[in-house]
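What follows is one structure encoded as structure tokens, with my remarks underneath.
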Amino acid sequence: MKTLRTLIVAVSAVTLFLGATACSTHKPAPAHEITKTVLKAGQIPLHEFFKNPVAEGFTISPDGNKIAWLAPWQDRLNIFVKELSSGRTTRVTSATKRDIYGYFWAGSQRIVFGQDSGGDENVHTFSAAIDGSGEKDLTPFENTRTNLLDELENDDNHILITINKDDSRLFDVYKLNVVSGELELEARNPGDVSGWMTDHNGKVRIAMANRNGQNVVLYRNTDSELFRPILSMDFRTAFNPLLFDFKNKKIYVSTNMDRDKQAIYLFNPETQKLEQLVFEHPDVDVAQLLYSKKRKIITGTGFYTDKHHYVFFDDNREELQNELESRLPGYEVVVTDADKDETKCIVRTYSDRSLGAGYIYDVKSKKLEKIAEVSPWLDKSQMAEMKPVSFISRDGLTIHGYLTLPKNKKAGGLPVLINPHGGPWARDHWGFNPETQFLANRGIAVMQVNFRGSTGYGREFWEKGFKQWGLNMQNDLTDAAHWLIDLGIADPERIAIYGGSYGGYATLAGLTFTPNLYACGIDYVGPSNLFTLLETLPPYWETEKMEFYIKVGDPVRDYKLLRKVSPVFHADKIKAPLFVAQGANDPRVKQAESDQIVKALRDRGVAVEYMVKDNEGHGFHNQENRFDFYEAMERFLDKHLLQ
């Protein structure tokens, strides 16, 4: 049973700008751009932070006899499979233009994976046998994207996908043959469904629709019945189905119905009642549920405060976690996959100073075997600590975030980079961030702010960000900078701002509306004109457009507001140096967004560094493009922040 998710890469309208991209330069690079950087004492080479990992994305086959992972081949992440009995490893895919975004097992003899073209996010579904033969694009349709709905774990030959091949705005449910590519319609989108959900038997039982500004839950008892509406609520009320109970009668949901923080309940679709509270937290939303497919029980829940935490309802699962944490001290330990019998599992470790490793664990024998370190060239003893922090905003809100200070430097008078996250309906989390560690290694303190509008802190905090782009959301970033100045941590003359997507917008807004605060800024695929942003949303976000108008602003009703907070109309206020990076194929924040602000500044005679990568979209995936971007960033910050 699966809820709707993008095949390999999650790209939902709810997290509009989460991620970033880059593109190729419009003119030949100046000579200084190919000058080799001379490292200072204690500095780690830039490529060490941003090159492809040794391996990641570890999984185990349903029969427990094979494991798989993503690893570089010709500078692109490809899929490798290892037979545990023989130790033989086979490369399954041969991608050379784009990394494989992700994959999953179809039975134990075939791999299904996703790829787009040049960052356009039109992810096609491919498959290949585990020996690498028979690779096939199963959805070879132009201007079409696919999402995995259900792996159909008891059917090795089929999966359920959603695909917008019949109407670019809408996703229908199809059963897909993973060998032949044959498609069979399972559920037609009536025109307003934004998500689907199956039960444990792979039957499509729930649809989430957007009707007249209301979120409507559609339900049916069997896949032969018509869907009927059972709940209708304003979109501000979260109602997120997680999974059916093991009788396929009731539904575990994460919801904030009649409360501020989302909690997990058992919901009865026949009575439309929340029957049982499973777990709640007083400070944060709860949306993670752990369960055993084999034993058919709920085993625990997870939630995120400053860090990730578990609460277990099952002794066996708690004992497993305790055993793994005792053998892997100093790391966050996550069980990410298991075979069908749940006798072997994949374990992943993380921390703020390490990307950790992947392991395979035998539950019966308690044998723990390392598969691979993710980035073994990075010495965690040389990495900086990521500290959870909080401060009070000018209007009395508690704002949470993370502060990373350069290692072995006094916490006073430091150059600081404010790093707003994308989304903006998302949040930053504790863990290893290569950008943060790179900047800290260069002597720059990094402040990541979960400004109002960020998710995870309840409905009220989220709603306080509505129509506050460039206003109170931006004030929270400004307040974070002044908080660091007041503590003596930040040098007030050396504060920069950098972010991707919404964070790129916040960078432009920071330079525009608080021009005396920042020494420089870096805008990575950020929108500069909220009118054109809203006009060019991808067609498959059409069902959620009204939500954007409420959360960001209506181009007609809120004309004055959107003009007030769109940096492109106030470019004359920008005086700090600016570096802009953009992906030419970005479907979410079109290249025109960056072109507009660059032109507005250049028309005034202001020099702007501008990088455009022609083979990227909303975030630079290809390794060589990442290198280009971060090398340019390093030169820019060295010149405008560190001098």
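By convention here, the chains of the structure tokens are called A, B, ... in the order presented, each chain's residues are numbered starting at 1, and ligands are numbered starting at 1 in the order presented.
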
Contacts of A:Ser254 within 10 Å, only C-alpha atoms, excl. fewer than 5 positions in-chain, as a count of residues only: 20

Near-A:Glu435 list (8 Å; only C-alpha atoms; drop same-chain fewer than 3 positions) as an mmCIF file with N, CA and C atoms, in the first residue's frame:
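After the write, selection.cif holds the following:
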```cif
data_model
loop_
_atom_site.group_PDB
_atom_site.id
_atom_site.type_symbol
_atom_site.label_atom_id
_atom_site.label_comp_id
_atom_site.auth_asym_id
_atom_site.auth_seq_id
_atom_site.Cartn_x
_atom_site.Cartn_y
_atom_site.Cartn_z
ATOM 1 N N PHE A 49 33.342 18.026 -0.950
ATOM 2 C CA PHE A 49 32.007 18.226 -0.387
ATOM 3 C C PHE A 49 30.900 17.892 -1.384
ATOM 4 N N PHE A 438 30.832 23.016 3.900
ATOM 5 C CA PHE A 438 31.783 23.703 3.021
ATOM 6 C C PHE A 438 31.979 25.146 3.473
ATOM 7 N N LEU A 439 30.871 25.838 3.720
ATOM 8 C CA LEU A 439 30.962 27.243 4.116
ATOM 9 C C LEU A 439 31.648 27.379 5.474
#
```

Computed interatomic separation between atom CA of A:Asn419 and atom CA of A:Trp483 (Å):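 One can read the atom CA of A:Asn419 to atom CA of A:Trp483 distance as 14.7 Å.
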
Long-range neighbours of A:Phe312 as a ChimeraX atom specification, 8 Å cut-off, only C-alpha atoms, 6 positions minimum in chain: /A:299-301,318

Give me a file of those residues, with all heavy atoms, as a CSV table (one decimal), in the first residue's frame.
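File again_24.csv, as written:
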```
chain,number,residue,atom,x,y,z
A,299,THR,N,4.0,-0.4,14.8
A,299,THR,CA,5.2,-0.6,15.7
A,299,THR,C,5.7,0.7,16.4
A,299,THR,O,6.4,0.7,17.3
A,299,THR,CB,6.3,-1.2,15.0
A,299,THR,OG1,6.7,-0.4,13.9
A,299,THR,CG2,5.9,-2.6,14.5
A,300,GLY,N,5.3,1.9,15.8
A,300,GLY,CA,5.8,3.1,16.4
A,300,GLY,C,5.5,4.3,15.6
A,300,GLY,O,4.8,4.3,14.6
A,301,THR,N,6.0,5.4,16.0
A,301,THR,CA,5.8,6.7,15.3
A,301,THR,C,7.1,7.5,15.4
A,301,THR,O,8.0,7.2,16.2
A,301,THR,CB,4.7,7.5,15.9
A,301,THR,OG1,4.4,8.7,15.1
A,301,THR,CG2,5.0,7.9,17.3
A,318,GLU,N,11.3,-1.9,19.2
A,318,GLU,CA,12.2,-1.1,20.1
A,318,GLU,C,13.5,-1.7,20.4
A,318,GLU,O,14.5,-1.1,20.5
A,318,GLU,CB,11.4,-0.8,21.4
A,318,GLU,CG,12.1,0.2,22.3
A,318,GLU,CD,11.3,0.7,23.5
A,318,GLU,OE1,10.2,0.0,23.8
A,318,GLU,OE2,11.6,1.7,24.1
```

Gap from atom CA of A:His640 to atom CA of A:Ala519 - Å, one decimal: 6.7 Å

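Distance-wise, atom CA of A:Gln276 and atom CA of A:Thr237 end up 18.4 Å apart.
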
Neighbour list for stretch 603-608 of chain A as a list of chain:residue names, cut-off 12 Å, only C-alpha atoms, skip fewer than 6 positions in-chain: A:Cys520, A:Gly521, A:Ile522, A:Asp523, A:His570, A:Ala571, A:Asp572, A:Lys573, A:Ile574, A:Lys575, A:Ala576, A:Pro577, A:Leu578, A:Phe579, A:Val580, A:Ala581, A:Ser594, A:Asp595, A:Gln596, A:Ile597, A:Phe636

Export of the given selection (C-alpha atoms) as a PDB file, in the first residue's frame:
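result.pdb was written with the following content:
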```pdb
ATOM      1  CA  CYS A 520      26.213  40.284  -0.829  1.00  0.00           C
ATOM      2  CA  GLY A 521      23.684  37.676  -1.930  1.00  0.00           C
ATOM      3  CA  ILE A 522      23.403  34.496  -3.991  1.00  0.00           C
ATOM      4  CA  ASP A 523      20.080  33.676  -5.659  1.00  0.00           C
ATOM      5  CA  HIS A 570      12.351  47.467  -6.821  1.00  0.00           C
ATOM      6  CA  ALA A 571      15.699  46.517  -8.292  1.00  0.00           C
ATOM      7  CA  ASP A 572      16.850  50.131  -7.937  1.00  0.00           C
ATOM      8  CA  LYS A 573      17.177  49.485  -4.187  1.00  0.00           C
ATOM      9  CA  ILE A 574      19.724  46.692  -4.605  1.00  0.00           C
ATOM     10  CA  LYS A 575      23.256  47.859  -3.993  1.00  0.00           C
ATOM     11  CA  ALA A 576      25.037  44.742  -2.720  1.00  0.00           C
ATOM     12  CA  PRO A 577      26.819  42.397  -5.160  1.00  0.00           C
ATOM     13  CA  LEU A 578      24.578  39.619  -6.497  1.00  0.00           C
ATOM     14  CA  PHE A 579      25.273  36.208  -8.017  1.00  0.00           C
ATOM     15  CA  VAL A 580      22.359  34.473  -9.786  1.00  0.00           C
ATOM     16  CA  ALA A 581      22.253  30.813 -10.883  1.00  0.00           C
ATOM     17  CA  SER A 594      16.268  35.126 -13.194  1.00  0.00           C
ATOM     18  CA  ASP A 595      16.526  36.879 -16.563  1.00  0.00           C
ATOM     19  CA  GLN A 596      14.204  39.628 -15.314  1.00  0.00           C
ATOM     20  CA  ILE A 597      16.187  40.578 -12.226  1.00  0.00           C
ATOM     21  CA  PHE A 636      32.079  35.369  -5.056  1.00  0.00           C
TER      22      PHE A 636
END
```

Close residues, A:Lys293 itself excluded, 10 Å, only C-alpha atoms, min 4 positions apart in chain, as a list of chain:residue names: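 Close residues of A:Lys293: A:Met1, A:His200, A:Phe246, A:Ile297, A:Ile298, A:Lys340, A:Asp341, A:Glu342.
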
Can you write just those residues out, all heavy atoms, as a PDB file, in the first residue's frame?
```pdb
ATOM      1  N   MET A   1       0.853  -1.187   0.000  1.00  0.00           N
ATOM      2  CA  MET A   1       0.000   0.000   0.000  1.00  0.00           C
ATOM      3  C   MET A   1       0.884   1.229   0.000  1.00  0.00           C
ATOM      4  O   MET A   1       1.826   1.333   0.743  1.00  0.00           O
ATOM      5  CB  MET A   1      -0.888  -0.009   1.238  1.00  0.00           C
ATOM      6  CG  MET A   1      -1.944   1.078   1.294  1.00  0.00           C
ATOM      7  SD  MET A   1      -1.343   2.699   1.750  1.00  0.00           S
ATOM      8  CE  MET A   1      -0.561   2.356   3.291  1.00  0.00           C
ATOM      9  N   HIS A 200      -4.019  -2.213   1.381  1.00  0.00           N
ATOM     10  CA  HIS A 200      -2.924  -3.187   1.450  1.00  0.00           C
ATOM     11  C   HIS A 200      -2.996  -4.226   0.335  1.00  0.00           C
ATOM     12  O   HIS A 200      -2.017  -4.960   0.117  1.00  0.00           O
ATOM     13  CB  HIS A 200      -2.937  -3.888   2.816  1.00  0.00           C
ATOM     14  CG  HIS A 200      -2.576  -2.988   3.952  1.00  0.00           C
ATOM     15  ND1 HIS A 200      -1.289  -2.580   4.216  1.00  0.00           N
ATOM     16  CD2 HIS A 200      -3.359  -2.385   4.895  1.00  0.00           C
ATOM     17  CE1 HIS A 200      -1.282  -1.785   5.269  1.00  0.00           C
ATOM     18  NE2 HIS A 200      -2.524  -1.648   5.704  1.00  0.00           N
ATOM     19  N   PHE A 246      -5.046  -3.022   9.074  1.00  0.00           N
ATOM     20  CA  PHE A 246      -4.712  -4.276   8.404  1.00  0.00           C
ATOM     21  C   PHE A 246      -5.938  -5.119   8.038  1.00  0.00           C
ATOM     22  O   PHE A 246      -5.811  -6.194   7.456  1.00  0.00           O
ATOM     23  CB  PHE A 246      -3.705  -5.056   9.256  1.00  0.00           C
ATOM     24  CG  PHE A 246      -2.397  -4.322   9.360  1.00  0.00           C
ATOM     25  CD1 PHE A 246      -2.110  -3.554  10.474  1.00  0.00           C
ATOM     26  CD2 PHE A 246      -1.496  -4.348   8.319  1.00  0.00           C
ATOM     27  CE1 PHE A 246      -0.925  -2.847  10.563  1.00  0.00           C
ATOM     28  CE2 PHE A 246      -0.309  -3.647   8.392  1.00  0.00           C
ATOM     29  CZ  PHE A 246      -0.009  -2.880   9.510  1.00  0.00           C
ATOM     30  N   ILE A 297       1.058  -5.075  12.354  1.00  0.00           N
ATOM     31  CA  ILE A 297       0.862  -4.246  13.544  1.00  0.00           C
ATOM     32  C   ILE A 297       1.557  -2.900  13.347  1.00  0.00           C
ATOM     33  O   ILE A 297       2.520  -2.787  12.578  1.00  0.00           O
ATOM     34  CB  ILE A 297       1.407  -4.915  14.829  1.00  0.00           C
ATOM     35  CG1 ILE A 297       2.915  -5.179  14.706  1.00  0.00           C
ATOM     36  CG2 ILE A 297       0.649  -6.181  15.163  1.00  0.00           C
ATOM     37  CD1 ILE A 297       3.567  -5.593  16.020  1.00  0.00           C
ATOM     38  N   ILE A 298       1.047  -1.902  14.050  1.00  0.00           N
ATOM     39  CA  ILE A 298       1.715  -0.608  14.111  1.00  0.00           C
ATOM     40  C   ILE A 298       2.815  -0.718  15.164  1.00  0.00           C
ATOM     41  O   ILE A 298       2.559  -1.132  16.301  1.00  0.00           O
ATOM     42  CB  ILE A 298       0.728   0.510  14.487  1.00  0.00           C
ATOM     43  CG1 ILE A 298      -0.396   0.580  13.448  1.00  0.00           C
ATOM     44  CG2 ILE A 298       1.440   1.843  14.603  1.00  0.00           C
ATOM     45  CD1 ILE A 298       0.073   0.898  12.040  1.00  0.00           C
ATOM     46  N   LYS A 340      10.858  -9.240   2.558  1.00  0.00           N
ATOM     47  CA  LYS A 340       9.443  -9.542   2.791  1.00  0.00           C
ATOM     48  C   LYS A 340       9.228 -10.278   4.102  1.00  0.00           C
ATOM     49  O   LYS A 340       8.212 -10.092   4.779  1.00  0.00           O
ATOM     50  CB  LYS A 340       8.898 -10.354   1.615  1.00  0.00           C
ATOM     51  CG  LYS A 340       7.387 -10.360   1.511  1.00  0.00           C
ATOM     52  CD  LYS A 340       6.934 -10.908   0.173  1.00  0.00           C
ATOM     53  CE  LYS A 340       5.434 -10.809   0.015  1.00  0.00           C
ATOM     54  NZ  LYS A 340       4.984 -11.297  -1.325  1.00  0.00           N
ATOM     55  N   ASP A 341      10.187 -11.125   4.499  1.00  0.00           N
ATOM     56  CA  ASP A 341      10.065 -11.880   5.749  1.00  0.00           C
ATOM     57  C   ASP A 341      10.478 -11.061   6.966  1.00  0.00           C
ATOM     58  O   ASP A 341      10.341 -11.539   8.105  1.00  0.00           O
ATOM     59  CB  ASP A 341      10.921 -13.146   5.686  1.00  0.00           C
ATOM     60  CG  ASP A 341      10.357 -14.188   4.736  1.00  0.00           C
ATOM     61  OD1 ASP A 341       9.134 -14.129   4.479  1.00  0.00           O
ATOM     62  OD2 ASP A 341      11.124 -15.031   4.249  1.00  0.00           O
ATOM     63  N   GLU A 342      11.020  -9.872   6.732  1.00  0.00           N
ATOM     64  CA  GLU A 342      11.486  -8.984   7.802  1.00  0.00           C
ATOM     65  C   GLU A 342      12.547  -9.646   8.670  1.00  0.00           C
ATOM     66  O   GLU A 342      12.635  -9.408   9.877  1.00  0.00           O
ATOM     67  CB  GLU A 342      10.304  -8.492   8.644  1.00  0.00           C
ATOM     68  CG  GLU A 342       9.313  -7.674   7.826  1.00  0.00           C
ATOM     69  CD  GLU A 342       8.141  -7.137   8.637  1.00  0.00           C
ATOM     70  OE1 GLU A 342       8.074  -7.402   9.853  1.00  0.00           O
ATOM     71  OE2 GLU A 342       7.295  -6.436   8.048  1.00  0.00           O
TER      72      GLU A 342
END
```

Who sits within 9 Å of stretch 546-562 of chain A, only C-alpha atoms, same chain under 6 positions skipped, as a list of chain:residue names: A:Ala13, A:Asn212, A:Gly213, A:Phe235, A:Glu463, A:Gly465, A:Phe466, A:Lys467, A:Gln468, A:Trp469, A:Asn529, A:Leu530, A:Phe531, A:Leu534, A:Glu535

Top pick for closest residue to A:Gly470, considering A:Glu544, A:Thr93, A:Pro424, A:Arg236 and counting only C-alpha atoms: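 Closest candidate: A:Pro424.
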
Which of stretch 289-367 of chain A fall in strand (DSSP E or B), as an MDAnalysis selection string: chainID A and resid 289:292 297:304 308:312 332:338 344:351 354 357:362 367

Selection: 7 Å around stretch 585-592 of chain A, only C-alpha atoms, excl. self and same-chain fewer than 5 positions, as a PyMOL selection string: chain A and resi 118-120+525-527+533+537-538+614-618

A:Ile206, A:Leu243, A:Val416, A:Leu642 ranked by distance to A:Arg228, top pick (using only C-alpha atoms):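 Comparing A:Ile206, A:Leu243, A:Val416, A:Leu642 against A:Arg228, the winner is A:Ile206.
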
For stretch 192-310 of chain A against stretch 138-156 of chain A, with a cut-off of 8 Å and counting only C-alpha atoms, what is the closest atom pair and its distance in Å to one decimal for every residue that makes the cut, ordered by chain and number, as a tab-separated table?
```
residue	atom	partner	partner_atom	distance
A:Trp196	CA	A:Leu149	CA	7.5
A:Met197	CA	A:Leu149	CA	7.1
A:Thr198	CA	A:Asp150	CA	7.1
A:Asn201	CA	A:Leu152	CA	7.7
A:Gly202	CA	A:Leu152	CA	5.8
```

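Distances here use only C-alpha atoms; by that measure, the residue among A:Arg394, A:Lys296, A:Arg494, A:Lys51 closest to A:Asn472 is A:Arg394.
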
Proximity check stretch 350-430 of chain A to stretch 497-509 of chain A, 6 Å, nearest pairs one decimal Å, only C-alpha atoms, as JSON lines:
```
{"residue": "A:Leu417", "atom": "CA", "partner": "A:Ile497", "partner_atom": "CA", "distance": 5.3}
{"residue": "A:Ile418", "atom": "CA", "partner": "A:Ile497", "partner_atom": "CA", "distance": 4.6}
{"residue": "A:Asn419", "atom": "CA", "partner": "A:Tyr498", "partner_atom": "CA", "distance": 5.2}
{"residue": "A:Pro420", "atom": "CA", "partner": "A:Gly503", "partner_atom": "CA", "distance": 4.8}
{"residue": "A:His421", "atom": "CA", "partner": "A:Gly503", "partner_atom": "CA", "distance": 5.2}
{"residue": "A:Gly422", "atom": "CA", "partner": "A:Tyr502", "partner_atom": "CA", "distance": 4.5}
{"residue": "A:Gly423", "atom": "CA", "partner": "A:Tyr502", "partner_atom": "CA", "distance": 5.8}
{"residue": "A:Pro424", "atom": "CA", "partner": "A:Tyr502", "partner_atom": "CA", "distance": 5.7}
```

Best match for closeness to A:Thr478 among A:Ala357, A:Ile392, A:Val565, A:Ile230, counting only C-alpha atoms: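 Looking at the shortest contact to A:Thr478, the residue is A:Ile392.
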
DSSP-assigned alpha helix (DSSP H) among stretch 464-540 of chain A, expressed as a VMD selection string: chain A and resid 472 to 486 502 to 513 530 to 535
